[in-house]
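This is structure_32.pdb (PDB, C-alpha atoms and all ligand atoms).
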ATOM      1  CA  MET F   1      13.521  39.507 -71.018  1.00  0.00           C
ATOM      2  CA  THR F   2      15.432  36.258 -70.648  1.00  0.00           C
ATOM      3  CA  GLN F   3      19.139  36.565 -70.008  1.00  0.00           C
ATOM      4  CA  PRO F   4      21.396  34.977 -72.631  1.00  0.00           C
ATOM      5  CA  GLN F   5      23.108  31.835 -71.413  1.00  0.00           C
ATOM      6  CA  ARG F   6      26.397  32.801 -69.805  1.00  0.00           C
ATOM      7  CA  GLU F   7      27.761  29.530 -68.500  1.00  0.00           C
ATOM      8  CA  PHE F   8      27.965  26.111 -70.110  1.00  0.00           C
ATOM      9  CA  ALA F   9      28.646  22.761 -68.429  1.00  0.00           C
ATOM     10  CA  VAL F  10      30.981  20.291 -70.163  1.00  0.00           C
ATOM     11  CA  GLN F  11      32.582  16.946 -69.288  1.00  0.00           C
ATOM     12  CA  LEU F  12      36.330  16.609 -69.812  1.00  0.00           C
ATOM     13  CA  PRO F  13      37.605  13.544 -71.714  1.00  0.00           C
ATOM     14  CA  ILE F  14      40.164  12.762 -68.969  1.00  0.00           C
ATOM     15  CA  GLY F  15      39.736  15.166 -66.058  1.00  0.00           C
ATOM     16  CA  MET F  16      42.041  16.451 -63.358  1.00  0.00           C
ATOM     17  CA  THR F  17      42.973  14.443 -60.282  1.00  0.00           C
ATOM     18  CA  ASP F  18      43.381  16.491 -57.096  1.00  0.00           C
ATOM     19  CA  ASP F  19      45.723  15.931 -54.120  1.00  0.00           C
ATOM     20  CA  GLN F  20      43.159  13.637 -52.516  1.00  0.00           C
ATOM     21  CA  GLY F  21      43.083  11.405 -55.581  1.00  0.00           C
ATOM     22  CA  VAL F  22      39.619  12.530 -56.713  1.00  0.00           C
ATOM     23  CA  THR F  23      39.244  13.035 -60.474  1.00  0.00           C
ATOM     24  CA  HIS F  24      37.164  16.031 -61.554  1.00  0.00           C
ATOM     25  CA  ARG F  25      35.697  15.921 -65.050  1.00  0.00           C
ATOM     26  CA  GLY F  26      32.837  18.366 -64.752  1.00  0.00           C
ATOM     27  CA  ALA F  27      33.748  21.871 -65.875  1.00  0.00           C
ATOM     28  CA  VAL F  28      31.863  25.119 -66.487  1.00  0.00           C
ATOM     29  CA  ILE F  29      33.008  27.418 -69.273  1.00  0.00           C
ATOM     30  CA  ARG F  30      31.950  30.825 -70.546  1.00  0.00           C
ATOM     31  CA  LYS F  31      32.253  32.620 -73.865  1.00  0.00           C
ATOM     32  CA  MET F  32      35.498  34.258 -74.807  1.00  0.00           C
ATOM     33  CA  ARG F  33      35.596  38.011 -74.093  1.00  0.00           C
ATOM     34  CA  GLY F  34      37.785  40.897 -75.177  1.00  0.00           C
ATOM     35  CA  HIS F  35      40.288  40.009 -72.413  1.00  0.00           C
ATOM     36  CA  GLU F  36      40.940  36.680 -74.093  1.00  0.00           C
ATOM     37  CA  GLU F  37      40.906  38.162 -77.590  1.00  0.00           C
ATOM     38  CA  ALA F  38      43.728  40.473 -76.474  1.00  0.00           C
ATOM     39  CA  LEU F  39      45.774  37.370 -75.603  1.00  0.00           C
ATOM     40  CA  LEU F  40      45.728  36.377 -79.284  1.00  0.00           C
ATOM     41  CA  TYR F  41      47.799  39.490 -80.039  1.00  0.00           C
ATOM     42  CA  ASP F  42      50.272  38.987 -77.182  1.00  0.00           C
ATOM     43  CA  ARG F  43      53.542  38.111 -78.914  1.00  0.00           C
ATOM     44  CA  ASP F  44      55.193  37.150 -75.628  1.00  0.00           C
ATOM     45  CA  LEU F  45      52.940  34.114 -75.299  1.00  0.00           C
ATOM     46  CA  GLY F  46      54.047  30.876 -76.969  1.00  0.00           C
ATOM     47  CA  PRO F  47      51.303  28.547 -78.301  1.00  0.00           C
ATOM     48  CA  SER F  48      51.040  26.463 -75.123  1.00  0.00           C
ATOM     49  CA  GLU F  49      51.066  29.510 -72.832  1.00  0.00           C
ATOM     50  CA  LEU F  50      48.403  31.105 -75.019  1.00  0.00           C
ATOM     51  CA  ALA F  51      46.263  27.985 -74.644  1.00  0.00           C
ATOM     52  CA  SER F  52      46.784  28.035 -70.851  1.00  0.00           C
ATOM     53  CA  HIS F  53      45.695  31.670 -70.630  1.00  0.00           C
ATOM     54  CA  LEU F  54      42.734  31.215 -73.006  1.00  0.00           C
ATOM     55  CA  VAL F  55      41.485  28.204 -71.042  1.00  0.00           C
ATOM     56  CA  ALA F  56      42.050  29.912 -67.670  1.00  0.00           C
ATOM     57  CA  GLY F  57      40.177  33.004 -68.900  1.00  0.00           C
ATOM     58  CA  THR F  58      37.116  31.026 -69.950  1.00  0.00           C
ATOM     59  CA  LEU F  59      37.086  28.243 -67.336  1.00  0.00           C
ATOM     60  CA  VAL F  60      34.653  29.322 -64.629  1.00  0.00           C
ATOM     61  CA  ARG F  61      35.004  26.156 -62.591  1.00  0.00           C
ATOM     62  CA  LEU F  62      36.819  22.844 -62.743  1.00  0.00           C
ATOM     63  CA  GLY F  63      35.290  20.346 -60.339  1.00  0.00           C
ATOM     64  CA  GLU F  64      35.220  22.316 -57.077  1.00  0.00           C
ATOM     65  CA  LEU F  65      37.975  24.663 -58.137  1.00  0.00           C
ATOM     66  CA  GLU F  66      36.765  28.196 -58.971  1.00  0.00           C
ATOM     67  CA  GLY F  67      38.603  30.077 -61.726  1.00  0.00           C
ATOM     68  CA  PRO F  68      41.773  27.961 -62.021  1.00  0.00           C
ATOM     69  CA  SER F  69      44.944  29.920 -62.824  1.00  0.00           C
ATOM     70  CA  PRO F  70      46.972  29.506 -66.064  1.00  0.00           C
ATOM     71  CA  GLU F  71      49.533  27.572 -63.956  1.00  0.00           C
ATOM     72  CA  VAL F  72      46.869  25.051 -62.908  1.00  0.00           C
ATOM     73  CA  VAL F  73      45.656  24.800 -66.515  1.00  0.00           C
ATOM     74  CA  ALA F  74      49.261  24.106 -67.648  1.00  0.00           C
ATOM     75  CA  GLY F  75      49.130  20.951 -65.517  1.00  0.00           C
ATOM     76  CA  MET F  76      46.015  19.658 -67.297  1.00  0.00           C
ATOM     77  CA  TYR F  77      46.196  16.981 -69.959  1.00  0.00           C
ATOM     78  CA  SER F  78      46.552  18.342 -73.503  1.00  0.00           C
ATOM     79  CA  ALA F  79      43.427  16.400 -74.528  1.00  0.00           C
ATOM     80  CA  ASP F  80      41.361  18.244 -71.894  1.00  0.00           C
ATOM     81  CA  ARG F  81      42.865  21.622 -72.772  1.00  0.00           C
ATOM     82  CA  ASN F  82      42.156  21.087 -76.485  1.00  0.00           C
ATOM     83  CA  TYR F  83      38.659  19.904 -75.701  1.00  0.00           C
ATOM     84  CA  LEU F  84      37.953  23.038 -73.654  1.00  0.00           C
ATOM     85  CA  LEU F  85      39.303  25.261 -76.445  1.00  0.00           C
ATOM     86  CA  LEU F  86      37.057  23.444 -78.898  1.00  0.00           C
ATOM     87  CA  GLU F  87      33.975  23.948 -76.718  1.00  0.00           C
ATOM     88  CA  VAL F  88      34.822  27.602 -76.004  1.00  0.00           C
ATOM     89  CA  ARG F  89      35.155  28.137 -79.760  1.00  0.00           C
ATOM     90  CA  ARG F  90      31.757  26.554 -80.351  1.00  0.00           C
ATOM     91  CA  ILE F  91      29.888  28.628 -77.753  1.00  0.00           C
ATOM     92  CA  THR F  92      31.708  31.838 -78.731  1.00  0.00           C
ATOM     93  CA  LEU F  93      31.850  31.766 -82.545  1.00  0.00           C
ATOM     94  CA  GLY F  94      29.660  28.827 -83.527  1.00  0.00           C
ATOM     95  CA  ASP F  95      30.363  25.427 -85.061  1.00  0.00           C
ATOM     96  CA  ARG F  96      31.424  26.447 -88.564  1.00  0.00           C
ATOM     97  CA  LEU F  97      35.203  26.489 -89.045  1.00  0.00           C
ATOM     98  CA  THR F  98      36.695  27.288 -92.424  1.00  0.00           C
ATOM     99  CA  GLY F  99      40.283  26.430 -93.158  1.00  0.00           C
ATOM    100  CA  SER F 100      42.861  26.721 -95.901  1.00  0.00           C
ATOM    101  CA  TYR F 101      45.580  24.167 -96.597  1.00  0.00           C
ATOM    102  CA  VAL F 102      48.317  23.813 -99.196  1.00  0.00           C
ATOM    103  CA  CYS F 103      48.070  20.638-101.294  1.00  0.00           C
ATOM    104  CA  PRO F 104      51.298  18.624-100.803  1.00  0.00           C
ATOM    105  CA  SER F 105      51.187  17.429-104.447  1.00  0.00           C
ATOM    106  CA  CYS F 106      50.409  20.529-106.523  1.00  0.00           C
ATOM    107  CA  ASP F 107      50.786  23.389-103.992  1.00  0.00           C
ATOM    108  CA  GLY F 108      47.210  24.423-104.787  1.00  0.00           C
ATOM    109  CA  GLU F 109      44.973  25.860-102.097  1.00  0.00           C
ATOM    110  CA  VAL F 110      42.481  23.470-100.496  1.00  0.00           C
ATOM    111  CA  ARG F 111      39.679  25.271 -98.702  1.00  0.00           C
ATOM    112  CA  THR F 112      37.658  23.388 -96.114  1.00  0.00           C
ATOM    113  CA  SER F 113      34.559  23.974 -94.086  1.00  0.00           C
ATOM    114  CA  GLN F 114      34.193  21.944 -90.920  1.00  0.00           C
ATOM    115  CA  ASP F 115      31.224  21.585 -88.603  1.00  0.00           C
ATOM    116  CA  LEU F 116      32.880  21.386 -85.175  1.00  0.00           C
ATOM    117  CA  GLY F 117      29.706  19.804 -83.798  1.00  0.00           C
ATOM    118  CA  ASP F 118      30.451  16.769 -85.998  1.00  0.00           C
ATOM    119  CA  LEU F 119      33.859  16.061 -84.450  1.00  0.00           C
ATOM    120  CA  SER F 120      33.848  12.811 -82.552  1.00  0.00           C
ATOM    121  CA  PHE F 121      35.692  12.428 -79.310  1.00  0.00           C
ATOM    122  CA  ARG F 122      36.464   9.705 -76.864  1.00  0.00           C
ATOM    123  CA  SER F 123      36.463   9.838 -73.073  1.00  0.00           C
ATOM    124  CA  LEU F 124      38.869   7.929 -70.880  1.00  0.00           C
ATOM    125  CA  GLY F 125      37.635   4.377 -70.321  1.00  0.00           C
ATOM    126  CA  GLU F 126      37.074   3.047 -66.811  1.00  0.00           C
ATOM    127  CA  VAL F 127      40.071   0.718 -66.859  1.00  0.00           C
ATOM    128  CA  GLU F 128      42.310   3.184 -68.683  1.00  0.00           C
ATOM    129  CA  ASP F 129      45.066   5.027 -66.836  1.00  0.00           C
ATOM    130  CA  PRO F 130      46.268   8.261 -68.521  1.00  0.00           C
ATOM    131  CA  GLU F 131      49.559   7.782 -66.634  1.00  0.00           C
ATOM    132  CA  ALA F 132      50.133   4.245 -67.926  1.00  0.00           C
ATOM    133  CA  ILE F 133      49.397   3.654 -71.611  1.00  0.00           C
ATOM    134  CA  GLU F 134      50.977   0.395 -72.768  1.00  0.00           C
ATOM    135  CA  VAL F 135      52.350   0.109 -76.312  1.00  0.00           C
ATOM    136  CA  GLU F 136      53.878  -3.042 -77.752  1.00  0.00           C
ATOM    137  CA  LEU F 137      56.451  -2.315 -80.484  1.00  0.00           C
ATOM    138  CA  GLU F 138      56.931  -4.648 -83.416  1.00  0.00           C
ATOM    139  CA  ASP F 139      60.646  -4.135 -84.043  1.00  0.00           C
ATOM    140  CA  GLY F 140      61.625  -2.586 -80.721  1.00  0.00           C
ATOM    141  CA  TYR F 141      64.954  -1.168 -79.627  1.00  0.00           C
ATOM    142  CA  THR F 142      68.162  -3.171 -79.205  1.00  0.00           C
ATOM    143  CA  ASP F 143      70.481  -1.681 -76.581  1.00  0.00           C
ATOM    144  CA  ARG F 144      74.313  -1.725 -76.444  1.00  0.00           C
ATOM    145  CA  GLU F 145      74.306  -5.095 -74.693  1.00  0.00           C
ATOM    146  CA  GLY F 146      72.134  -6.580 -77.419  1.00  0.00           C
ATOM    147  CA  ASN F 147      68.914  -6.771 -75.338  1.00  0.00           C
ATOM    148  CA  LEU F 148      65.692  -6.172 -77.242  1.00  0.00           C
ATOM    149  CA  HIS F 149      63.123  -3.828 -75.655  1.00  0.00           C
ATOM    150  CA  ARG F 150      59.599  -3.792 -77.029  1.00  0.00           C
ATOM    151  CA  SER F 151      57.208  -2.783 -74.231  1.00  0.00           C
ATOM    152  CA  VAL F 152      56.745   0.930 -73.736  1.00  0.00           C
ATOM    153  CA  THR F 153      54.684   2.624 -71.018  1.00  0.00           C
ATOM    154  CA  LEU F 154      53.596   6.170 -71.801  1.00  0.00           C
ATOM    155  CA  ARG F 155      51.723   8.877 -69.959  1.00  0.00           C
ATOM    156  CA  LEU F 156      49.507  11.305 -71.831  1.00  0.00           C
ATOM    157  CA  PRO F 157      51.011  14.763 -72.459  1.00  0.00           C
ATOM    158  CA  ARG F 158      50.084  17.832 -70.430  1.00  0.00           C
ATOM    159  CA  GLY F 159      50.224  21.554 -71.150  1.00  0.00           C
ATOM    160  CA  GLU F 160      53.589  21.849 -69.401  1.00  0.00           C
ATOM    161  CA  ASP F 161      55.057  19.218 -71.763  1.00  0.00           C
ATOM    162  CA  GLU F 162      53.880  21.269 -74.740  1.00  0.00           C
ATOM    163  CA  ALA F 163      55.430  24.363 -73.158  1.00  0.00           C
ATOM    164  CA  PHE F 164      58.748  22.531 -72.701  1.00  0.00           C
ATOM    165  CA  VAL F 165      59.078  21.725 -76.412  1.00  0.00           C
ATOM    166  CA  SER F 166      57.390  24.835 -77.848  1.00  0.00           C
ATOM    167  CA  SER F 167      60.659  26.727 -78.462  1.00  0.00           C
ATOM    168  CA  MET F 168      61.836  23.913 -80.791  1.00  0.00           C
ATOM    169  CA  ILE F 169      58.665  23.636 -82.889  1.00  0.00           C
ATOM    170  CA  GLU F 170      59.483  26.253 -85.503  1.00  0.00           C
ATOM    171  CA  ARG F 171      63.163  25.388 -85.895  1.00  0.00           C
ATOM    172  CA  ASP F 172      62.852  21.615 -85.820  1.00  0.00           C
ATOM    173  CA  PRO F 173      59.303  20.246 -85.646  1.00  0.00           C
ATOM    174  CA  LEU F 174      60.441  16.601 -85.669  1.00  0.00           C
ATOM    175  CA  LYS F 175      62.799  17.181 -82.756  1.00  0.00           C
ATOM    176  CA  ALA F 176      60.011  18.935 -80.866  1.00  0.00           C
ATOM    177  CA  ALA F 177      57.639  16.010 -81.503  1.00  0.00           C
ATOM    178  CA  ASP F 178      60.294  13.506 -80.375  1.00  0.00           C
ATOM    179  CA  ALA F 179      61.167  15.547 -77.286  1.00  0.00           C
ATOM    180  CA  LEU F 180      57.486  15.564 -76.338  1.00  0.00           C
ATOM    181  CA  VAL F 181      57.231  11.784 -76.770  1.00  0.00           C
ATOM    182  CA  LEU F 182      60.423  11.276 -74.745  1.00  0.00           C
ATOM    183  CA  ARG F 183      58.953  13.239 -71.826  1.00  0.00           C
ATOM    184  CA  CYS F 184      55.918  10.959 -71.951  1.00  0.00           C
ATOM    185  CA  ILE F 185      57.887   7.692 -71.831  1.00  0.00           C
ATOM    186  CA  ARG F 186      57.720   6.296 -68.321  1.00  0.00           C
ATOM    187  CA  ARG F 187      59.265   2.946 -69.080  1.00  0.00           C
ATOM    188  CA  PHE F 188      61.011   1.525 -72.141  1.00  0.00           C
ATOM    189  CA  GLY F 189      61.505  -2.223 -71.714  1.00  0.00           C
ATOM    190  CA  THR F 190      63.984  -2.666 -68.893  1.00  0.00           C
ATOM    191  CA  ILE F 191      66.202   0.292 -69.783  1.00  0.00           C
ATOM    192  CA  PRO F 192      66.976   2.194 -66.558  1.00  0.00           C
ATOM    193  CA  ARG F 193      65.617   5.741 -66.386  1.00  0.00           C
ATOM    194  CA  SER F 194      69.105   7.296 -66.209  1.00  0.00           C
ATOM    195  CA  GLU F 195      70.191   5.484 -69.365  1.00  0.00           C
ATOM    196  CA  LEU F 196      66.982   6.459 -71.145  1.00  0.00           C
ATOM    197  CA  GLU F 197      67.735  10.091 -70.358  1.00  0.00           C
ATOM    198  CA  SER F 198      71.305   9.830 -71.649  1.00  0.00           C
ATOM    199  CA  TYR F 199      70.037   8.302 -74.916  1.00  0.00           C
ATOM    200  CA  GLY F 200      67.689  11.261 -75.328  1.00  0.00           C
ATOM    201  CA  VAL F 201      65.720  11.518 -78.580  1.00  0.00           C
ATOM    202  CA  ARG F 202      68.300   9.236 -80.266  1.00  0.00           C
ATOM    203  CA  ILE F 203      66.438   6.225 -78.946  1.00  0.00           C
ATOM    204  CA  LEU F 204      63.344   7.379 -80.864  1.00  0.00           C
ATOM    205  CA  ARG F 205      65.353   8.016 -84.035  1.00  0.00           C
ATOM    206  CA  ASP F 206      66.639   4.433 -83.917  1.00  0.00           C
ATOM    207  CA  LEU F 207      63.092   3.048 -84.006  1.00  0.00           C
ATOM    208  CA  THR F 208      61.474   1.931 -87.249  1.00  0.00           C
ATOM    209  CA  LEU F 209      58.818   4.198 -88.764  1.00  0.00           C
ATOM    210  CA  GLY F 210      56.121   1.649 -87.898  1.00  0.00           C
ATOM    211  CA  ASP F 211      57.123   1.648 -84.226  1.00  0.00           C
ATOM    212  CA  ARG F 212      57.320   5.435 -84.165  1.00  0.00           C
ATOM    213  CA  LEU F 213      53.788   5.552 -85.552  1.00  0.00           C
ATOM    214  CA  ARG F 214      52.590   3.091 -82.892  1.00  0.00           C
ATOM    215  CA  ILE F 215      53.850   5.403 -80.168  1.00  0.00           C
ATOM    216  CA  GLN F 216      52.530   8.518 -81.908  1.00  0.00           C
ATOM    217  CA  ARG F 217      49.107   6.960 -82.379  1.00  0.00           C
ATOM    218  CA  ALA F 218      48.885   5.950 -78.703  1.00  0.00           C
ATOM    219  CA  LEU F 219      49.345   9.600 -77.774  1.00  0.00           C
ATOM    220  CA  THR F 220      47.004  11.073 -80.405  1.00  0.00           C
ATOM    221  CA  ASP F 221      44.489   9.029 -82.442  1.00  0.00           C
ATOM    222  CA  ASP F 222      43.997   6.276 -79.833  1.00  0.00           C
ATOM    223  CA  ALA F 223      44.134   8.604 -76.838  1.00  0.00           C
ATOM    224  CA  PRO F 224      41.049  10.170 -75.221  1.00  0.00           C
ATOM    225  CA  GLY F 225      40.019  13.559 -76.572  1.00  0.00           C
ATOM    226  CA  ALA F 226      38.559  15.095 -79.729  1.00  0.00           C
ATOM    227  CA  ARG F 227      39.484  13.487 -83.041  1.00  0.00           C
ATOM    228  CA  LEU F 228      41.266  16.370 -84.749  1.00  0.00           C
ATOM    229  CA  ARG F 229      42.654  14.455 -87.749  1.00  0.00           C
ATOM    230  CA  ARG F 230      40.953  15.429 -91.018  1.00  0.00           C
ATOM    231  CA  GLU F 231      41.013  13.658 -94.396  1.00  0.00           C
ATOM    232  CA  LEU F 232      41.331  16.239 -97.145  1.00  0.00           C
ATOM    233  CA  GLN F 233      41.198  16.045-100.916  1.00  0.00           C
ATOM    234  CA  CYS F 234      42.595  18.562-103.360  1.00  0.00           C
ATOM    235  CA  GLY F 235      39.934  19.740-105.837  1.00  0.00           C
ATOM    236  CA  ALA F 236      42.556  20.576-108.458  1.00  0.00           C
ATOM    237  CA  CYS F 237      44.690  17.404-108.622  1.00  0.00           C
ATOM    238  CA  GLY F 238      42.663  14.925-106.558  1.00  0.00           C
ATOM    239  CA  ALA F 239      45.480  14.191-104.069  1.00  0.00           C
ATOM    240  CA  GLN F 240      44.317  12.994-100.664  1.00  0.00           C
ATOM    241  CA  PHE F 241      46.138  13.970 -97.487  1.00  0.00           C
ATOM    242  CA  GLN F 242      45.647  14.271 -93.751  1.00  0.00           C
ATOM    243  CA  ARG F 243      46.022  17.246 -91.469  1.00  0.00           C
ATOM    244  CA  LEU F 244      45.383  17.791 -87.797  1.00  0.00           C
ATOM    245  CA  LEU F 245      42.986  20.599 -86.992  1.00  0.00           C
ATOM    246  CA  ASP F 246      45.036  23.220 -85.206  1.00  0.00           C
ATOM    247  CA  VAL F 247      43.306  24.534 -82.090  1.00  0.00           C
ATOM    248  CA  SER F 248      45.172  27.826 -82.477  1.00  0.00           C
ATOM    249  CA  ASP F 249      43.105  28.423 -85.653  1.00  0.00           C
ATOM    250  CA  PHE F 250      39.858  28.083 -83.729  1.00  0.00           C
ATOM    251  CA  PHE F 251      39.721  31.731 -82.755  1.00  0.00           C
ATOM    252  CA  VAL F 252      40.515  33.357 -86.061  1.00  0.00           C
ATOM    253  CA  PRO F 253      37.140  34.892 -86.957  1.00  0.00           C
ATOM    254  CA  CYS F 254      35.972  33.968 -90.414  1.00  0.00           C
TER     255      CYS F 254
HETATM  256 ZN    ZN W 301      46.574  19.224-105.474  1.00  0.00          ZN
END
Can the structure in the file be given as structure tokens, please?
Amino acid sequence: MTQPQREFAVQLPIGMTDDQGVTHRGAVIRKMRGHEEALLYDRDLGPSELASHLVAGTLVRLGELEGPSPEVVAGMYSADRNYLLLEVRRITLGDRLTGSYVCPSCDGEVRTSQDLGDLSFRSLGEVEDPEAIEVELEDGYTDREGNLHRSVTLRLPRGEDEAFVSSMIERDPLKAADALVLRCIRRFGTIPRSELESYGVRILRDLTLGDRLRIQRALTDDAPGARLRRELQCGACGAQFQRLLDVSDFFVPC
């Protein structure tokens, strides 16, 4: 009798760079087991910690690293963590994901069925640096001295950034999103780092919506990783809206 396949090789969209500067993108994953299912019921784990433990429990190997710990996984880019969760979902429960959303216009229920095998994703390009994503703002930020700053350098978020903001998500989702972006700003025009920190999320609130979207897009839609944004249409009223697929819904059996 042939043994069922236990281990699956995948390529990470970004990869993890070790102390020697070598980037590892090859990973081996296995199906989720009861150990990981139990994590779903652990109320002490916040969403980012849960993701770290789920990935660590199913990641057999990352490059040359055998069985990386949840702490190592917390240091991985969010795009890689989400990609691994997506692939673990596919090998464990299959490609079909049903979802339920509330229509923003009529409050009706919009049920969806998604084939996870159809999701497109993008890998990091050869000349791209996940630690230096350049964004040019249209309106920019004018500081107290009247200088206009329009060039922003971002780094892509990691699990530990998600963990840092996770306590704010339920109370104030916008503040949590801004705090995450702020952590990812490495340079904002010529504003010194210390000043940037004293401004805090206020600097992001002062930006125009268009500029905020430019930054947001650089970290999500334009960044490497799986495209999790879905276009939905309400069957009752015809309203169209967008939602991001939530990786935490991947493991709810349907
Ligand atoms: Zn509707």
Selection near Met76 of chain F, 9 Å with all atoms listed in the file, sequence-local residues under 4 positions removed, as JSON, numbers by chain: {"F": [15, 16, 72, 80, 81, 157, 158, 159, 160]}
Export of the given selection (C-alpha atoms) as a PDB file, keeping the file's coordinate frame:
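Contents of the output file again14.pdb:
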ATOM      1  CA  GLY F  15      39.736  15.166 -66.058  1.00  0.00           C
ATOM      2  CA  MET F  16      42.041  16.451 -63.358  1.00  0.00           C
ATOM      3  CA  VAL F  72      46.869  25.051 -62.908  1.00  0.00           C
ATOM      4  CA  ASP F  80      41.361  18.244 -71.894  1.00  0.00           C
ATOM      5  CA  ARG F  81      42.865  21.622 -72.772  1.00  0.00           C
ATOM      6  CA  PRO F 157      51.011  14.763 -72.459  1.00  0.00           C
ATOM      7  CA  ARG F 158      50.084  17.832 -70.430  1.00  0.00           C
ATOM      8  CA  GLY F 159      50.224  21.554 -71.150  1.00  0.00           C
ATOM      9  CA  GLU F 160      53.589  21.849 -69.401  1.00  0.00           C
TER      10      GLU F 160
END
Could you check the closest approach to Leu154 of chain F for each of F:Ile203, F:Leu119, F:Ala177, F:Ile215 and tell me which residue wins, using all atoms listed in the file?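 With all atoms listed in the file as the atom set, the closest residue is F:Ile215.
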Which residues are near ligand ZN 301 (chain W) - at most 8 Å, using all atoms listed in the file? Format: as a list in words.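 Listed by chain and ascending number, the contacts are Val102, Cys103, Pro104, Ser105, Cys106, Asp107, Gly108, Glu109, Val110, Gln233, Cys234, Gly235, Ala236, Cys237, Gly238 and Ala239 of chain F.
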Between F:Asp143, F:Asp129, F:Asp115, F:Asp44, which is the closest to Ile191 of chain F once you count only C-alpha atoms? F:Asp143
Taking the file as shown, find all residues satisfying the PyMOL selection byres (((chain F and resi 64-69) around 12) and not hetatm) and write them as a PyMOL selection string. chain F and resi 16-18+22-30+49+52-63+70-76
Give me the result of the PyMOL selection byres (((chain F and resi 141) around 12) and not hetatm) on this file, residue by residue, as a ChimeraX atom specification. /F:136-140,142-152,188-191,196,199,202-208,211-212
Nearest residue to Asp221 of chain F out of F:Arg187, F:Arg96, F:Arg122, F:Arg155, using only C-alpha atoms?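 Using only C-alpha atoms, Asp221 of chain F sits closest to F:Arg122.
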Hey, could you pull the box centre and edge lengths for segment 142-156 of chain F, axis-aligned, 6 Å padding per side, all listed atoms, to one decimal in Å, as JSON?
{"center_x": 61.9, "center_y": 2.3, "center_z": -74.6, "size_x": 36.8, "size_y": 30.1, "size_z": 21.2}
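When only C-alpha atoms are used to compute distances to Glu131 of chain F, the closest of the residues F:Ser100, F:Arg186, F:Arg217, F:Leu39 turns out to be F:Arg186.
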Running the PyMOL selection byres (((chain F and resi 242) around 7) and not hetatm) on this model by hand, what would come out? Give it as a compact mmCIF listing (two decimals) with C-alpha atoms, in the coordinates of the input.
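The resulting file, out.txt, is reproduced below:
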# COMPACT_ATOMS: atom_id res chain seq x y z
CA ARG F 229 42.65 14.46 -87.75
CA ARG F 230 40.95 15.43 -91.02
CA GLU F 231 41.01 13.66 -94.40
CA LEU F 232 41.33 16.24 -97.14
CA PHE F 241 46.14 13.97 -97.49
CA ARG F 243 46.02 17.25 -91.47
CA LEU F 244 45.38 17.79 -87.80
Compile the contact shell of Val201 of chain F as a ChimeraX atom specification: residues with an atom at most 10 Å away, counting all atoms listed in the file, same-chain residues fewer than 6 positions apart removed. /F:175-183
